[in-house]
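A.B. asks: Before we start, here is the structure in question, set down as structure tokens.
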Amino acid sequence: MIEYTFYKYDSIDSTNDEARRLINKGDLEQFPQEAGTAWGENAVVLADSQINGKGRLGRHWYSPPGNLYMTVVKRPQVPITQLSQISLVVGVAVRRVLEKFISPDHHLALKWPNDILINGMKIGGILVETDIPSTEAPPVCYIGIGINLLSSPDLINYPACSLLDFTKNVPTRDDFSRLLLASIETVFEDWTKSGFQEIREEWLWHAYGLGKPVQGIAENGFKLYGRLLTIDPEGALIISDEDGREHLVRSGEITYLS
Ligand code: BTN
């Protein structure tokens, strides 16, 4: 059983930023590793609301009271090249929790790399930020998770929803975060011990829109059009263009075109 250290706030700029401040105050490299756990690992920051909630790619994250805003610090002993899998690994963990609360008639799906959708509408997202210490110490991963429990924003280009849209039995933020931490613990253990293969299969099983036409935008702004084929064994997205050529997007995002 993991011992988490909780830091709870009524309101904070961003739980990811607060987690980084807390960890940096402790000067990472001067702390001994205890019982196989690196300094700062399993710190959890929770806020009732965020003033400057951050989404991926510099976007704002809607953060009024009533939803979940949580950052958990992990320091996985995996090659740096595998760190991009964390969004997918945590997406699987989040999905397993959400499915306890909604009827199987609704389509609870994962959109590469970090979105959780119900019936095509975004209910949550994951923002993983990583610091690499200058020594051999493991990376510090700030895994920020936002789930719309009670309300969702009105977005023009991207429909959103909340758990309350699908059930009257919405758990409290604290109950949801406890379930989520347990789920992350299980999936992380599989990932660090056995690798990405089984998690990849579960992710693909619940992937939203395989085969659909998409626009892929790589982090460097490069755009490509094609059909969403799959994710490769490392977690990168594969898009096949109209000539059947396959293109890899390692980081970035996709927009469905139909
Ligand atoms: C996205 O879909 O773009 C990622 C959204 C991540 C939002 C969460 S809320 C908790 C944590 N703190 C932040 O500022 N962002 C993440």
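Residue numbers start at 1 in each chain; chains themselves are named A, B, ... in the order of the structure tokens; ligands are numbered from 1 in the order shown.
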Which of range 101-186 of chain A counts as alpha helix (DSSP H) under DSSP, as a PyMOL selection string please?
C.D. replies: chain A and resi 173-186
A.B. asks: Please write the residues from the selection above to a file, keeping C-alpha atoms, as a compact mmCIF listing (two decimals), in the first residue's frame.
C.D. replies:
# COMPACT_ATOMS: atom_id res chain seq x y z
CA ARG A 173 -13.85 14.84 -4.97
CA ASP A 174 -12.03 13.04 -2.13
CA ASP A 175 -13.70 9.69 -2.83
CA PHE A 176 -12.94 10.02 -6.53
CA SER A 177 -9.31 10.92 -5.87
CA ARG A 178 -8.88 7.90 -3.56
CA LEU A 179 -10.24 5.56 -6.24
CA LEU A 180 -8.08 7.22 -8.84
CA LEU A 181 -4.88 6.93 -6.81
CA ALA A 182 -5.55 3.21 -6.24
CA SER A 183 -6.19 2.74 -9.95
CA ILE A 184 -3.02 4.65 -10.90
CA GLU A 185 -1.07 2.51 -8.42
CA THR A 186 -2.27 -0.71 -10.10
A.B. asks: Could the residues that lie within 6 Å of ligand 1, counting only C-alpha atoms and all ligand atoms, be listed as a ChimeraX atom specification?
C.D. replies: /A:14-16,53-56,61,69-71,115,125-127,144-146
A.B. asks: Pull the strand (DSSP E or B) assignments for range 78-219 of chain A out of DSSP run on the backbone, and list those residues as JSON, numbers by chain.
C.D. replies: {"A": [108, 109, 110, 111, 115, 116, 117, 118, 121, 122, 123, 124, 125, 126, 127, 128, 129, 130, 131, 140, 141, 142, 143, 144, 145, 146, 147, 160, 207, 213, 214, 215, 216, 217, 218]}
A.B. asks: Restricting the output to C-alpha atoms, write the selected residues as a CSV table (one decimal), in the first residue's frame.
C.D. replies:
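Heads up, here's the output in result13.csv:
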chain,number,residue,atom,x,y,z
A,108,LEU,CA,-16.3,6.0,-22.4
A,109,ALA,CA,-13.2,6.4,-24.6
A,110,LEU,CA,-9.6,7.6,-24.7
A,111,LYS,CA,-8.4,10.1,-27.2
A,115,ASP,CA,-8.2,13.1,-23.2
A,116,ILE,CA,-11.0,11.1,-21.7
A,117,LEU,CA,-14.3,11.3,-23.6
A,118,ILE,CA,-17.9,10.3,-22.9
A,121,MET,CA,-17.4,14.9,-25.3
A,122,LYS,CA,-14.4,15.6,-23.1
A,123,ILE,CA,-14.8,14.9,-19.4
A,124,GLY,CA,-11.2,15.1,-18.4
A,125,GLY,CA,-7.6,15.5,-19.4
A,126,ILE,CA,-4.1,14.7,-18.2
A,127,LEU,CA,-1.1,17.1,-18.2
A,128,VAL,CA,2.2,15.4,-17.5
A,129,GLU,CA,5.2,17.7,-16.9
A,130,THR,CA,8.6,16.2,-16.3
A,131,ASP,CA,11.8,17.5,-14.7
A,140,VAL,CA,10.2,13.8,-11.5
A,141,CYS,CA,6.9,13.5,-13.2
A,142,TYR,CA,4.0,15.8,-12.2
A,143,ILE,CA,0.9,14.0,-13.4
A,144,GLY,CA,-1.9,16.5,-13.4
A,145,ILE,CA,-5.5,15.2,-13.8
A,146,GLY,CA,-8.6,17.3,-14.3
A,147,ILE,CA,-12.0,15.6,-14.3
A,160,ALA,CA,-17.3,19.0,-23.0
A,207,ALA,CA,-9.6,4.3,-28.2
A,213,PRO,CA,-10.2,10.8,-40.7
A,214,VAL,CA,-8.1,13.1,-38.6
A,215,GLN,CA,-5.8,16.0,-38.7
A,216,GLY,CA,-2.6,15.3,-36.7
A,217,ILE,CA,-0.6,18.2,-35.4
A,218,ALA,CA,2.9,17.4,-34.1
A.B. asks: Nearest residue to Gly58 in chain A out of A:Leu228, A:Trp112, A:Leu210, A:Glu219, using only C-alpha atoms?
C.D. replies: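 Among the listed residues, A:Glu219 lies closest to Gly58 in chain A.
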A.B. asks: Counting only C-alpha atoms, figure out which residue out of A:Gln50, A:Gln77, A:Ser63, A:Asn148 gets nearest to Glu189 in chain A.
C.D. replies: A:Gln77
A.B. asks: Can you measure CA of Ser151 in chain A to CA of Arg21 in chain A for me? One decimal in Å is fine.
C.D. replies: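 Distance between the two atoms: 28.4 Å.
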A.B. asks: When you count only C-alpha atoms, which of these residues is closest to Ile132 in chain A: A:Val92, A:Gln85, A:Pro79, A:Pro65?
C.D. replies: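 Between A:Val92, A:Gln85, A:Pro79, A:Pro65, the residue approaching Ile132 in chain A most closely is A:Pro79.
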A.B. asks: Find the residue from A:Val45, A:Leu163, A:Ile199, A:Val72 that sits nearest to Phe101 in chain A; use only C-alpha atoms when measuring.
C.D. replies: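 So, comparing all the options, the nearest one is A:Leu163.
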A.B. asks: Taking only C-alpha atoms into account, name the residue in A:Pro171, A:Asn157, A:Leu22, A:Ser87 that is nearest to Leu257 in chain A.
C.D. replies: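 Using only C-alpha atoms, Leu257 in chain A sits closest to A:Asn157.
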A.B. asks: Near Thr5 in chain A, within 7 Å and counting only C-alpha atoms, which residues show up once chain neighbours fewer than 6 positions away are dropped, as a list in words?
C.D. replies: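 Counting only the stated atoms, we get Asn42, Ala43 and Val44 of chain A.
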A.B. asks: Measuring between only C-alpha atoms, which one of A:Tyr256, A:Tyr7, A:Tyr62, A:Phe188 shows the shortest distance to Tyr208 in chain A?
C.D. replies: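 Result for the nearest residue to Tyr208 in chain A: A:Tyr256.
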A.B. asks: Skipping near chain neighbours, those fewer than 4 positions away, what residues fall within 10 Å of range 242-244 of chain A using only C-alpha atoms, listed as a list of chain:residue names?
C.D. replies: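 The residues satisfying every condition are A:Pro213, A:Tyr225, A:Gly226, A:Arg227.
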A.B. asks: Filtering to N, CA, C and O atoms, could you give me those residues as a short mmCIF file (atom, residue, chain, number, x, y, z; two decimals), in the first residue's frame?
C.D. replies:
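See part_16.cif below for the written result:
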data_model
loop_
_atom_site.label_atom_id
_atom_site.label_comp_id
_atom_site.auth_asym_id
_atom_site.auth_seq_id
_atom_site.Cartn_x
_atom_site.Cartn_y
_atom_site.Cartn_z
N PRO A 213 -11.10 9.74 -40.16
CA PRO A 213 -10.20 10.76 -40.70
C PRO A 213 -9.82 11.78 -39.62
O PRO A 213 -10.70 12.24 -38.87
N TYR A 225 -2.71 14.85 -42.58
CA TYR A 225 -4.09 14.38 -42.66
C TYR A 225 -4.10 12.90 -43.02
O TYR A 225 -3.25 12.43 -43.77
N GLY A 226 -5.06 12.19 -42.48
CA GLY A 226 -5.14 10.77 -42.82
C GLY A 226 -6.14 10.09 -41.92
O GLY A 226 -7.02 10.74 -41.34
N ARG A 227 -5.98 8.77 -41.81
CA ARG A 227 -6.86 8.02 -40.91
C ARG A 227 -6.09 7.56 -39.69
O ARG A 227 -4.92 7.20 -39.79
#
A.B. asks: At a cut-off of 6 Å, using only C-alpha atoms, what residues contact Leu237 in chain A? Leave out same-chain residues fewer than 6 positions from it and give the result as JSON, numbers by chain.
C.D. replies: {"A": [231, 248, 249]}
A.B. asks: Name the residues in contact with Asp10 in chain A at a cut-off of 8 Å, using only C-alpha atoms, excluding same-chain residues fewer than 4 positions from it; report them as an mmCIF file with N, CA and C atoms, in the first residue's frame.
C.D. replies:
data_model
loop_
_atom_site.group_PDB
_atom_site.id
_atom_site.type_symbol
_atom_site.label_atom_id
_atom_site.label_comp_id
_atom_site.auth_asym_id
_atom_site.auth_seq_id
_atom_site.Cartn_x
_atom_site.Cartn_y
_atom_site.Cartn_z
ATOM 1 N N ALA A 47 -6.715 20.598 -5.182
ATOM 2 C CA ALA A 47 -7.261 21.938 -4.959
ATOM 3 C C ALA A 47 -8.752 21.918 -5.274
ATOM 4 N N ASP A 48 -9.510 22.734 -4.517
ATOM 5 C CA ASP A 48 -10.952 22.843 -4.801
ATOM 6 C C ASP A 48 -11.168 23.606 -6.111
ATOM 7 N N SER A 49 -10.273 24.576 -6.358
ATOM 8 C CA SER A 49 -10.359 25.308 -7.636
ATOM 9 C C SER A 49 -8.953 25.774 -8.006
#
A.B. asks: One decimal, in Å: what's the spacing between CA of Leu150 in chain A and CA of Val89 in chain A?
C.D. replies: 24.6 Å
A.B. asks: By how many Å are CA of Asp17 in chain A and CA of Glu41 in chain A apart?
C.D. replies: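 Here the two named atoms are 15.5 Å from each other.
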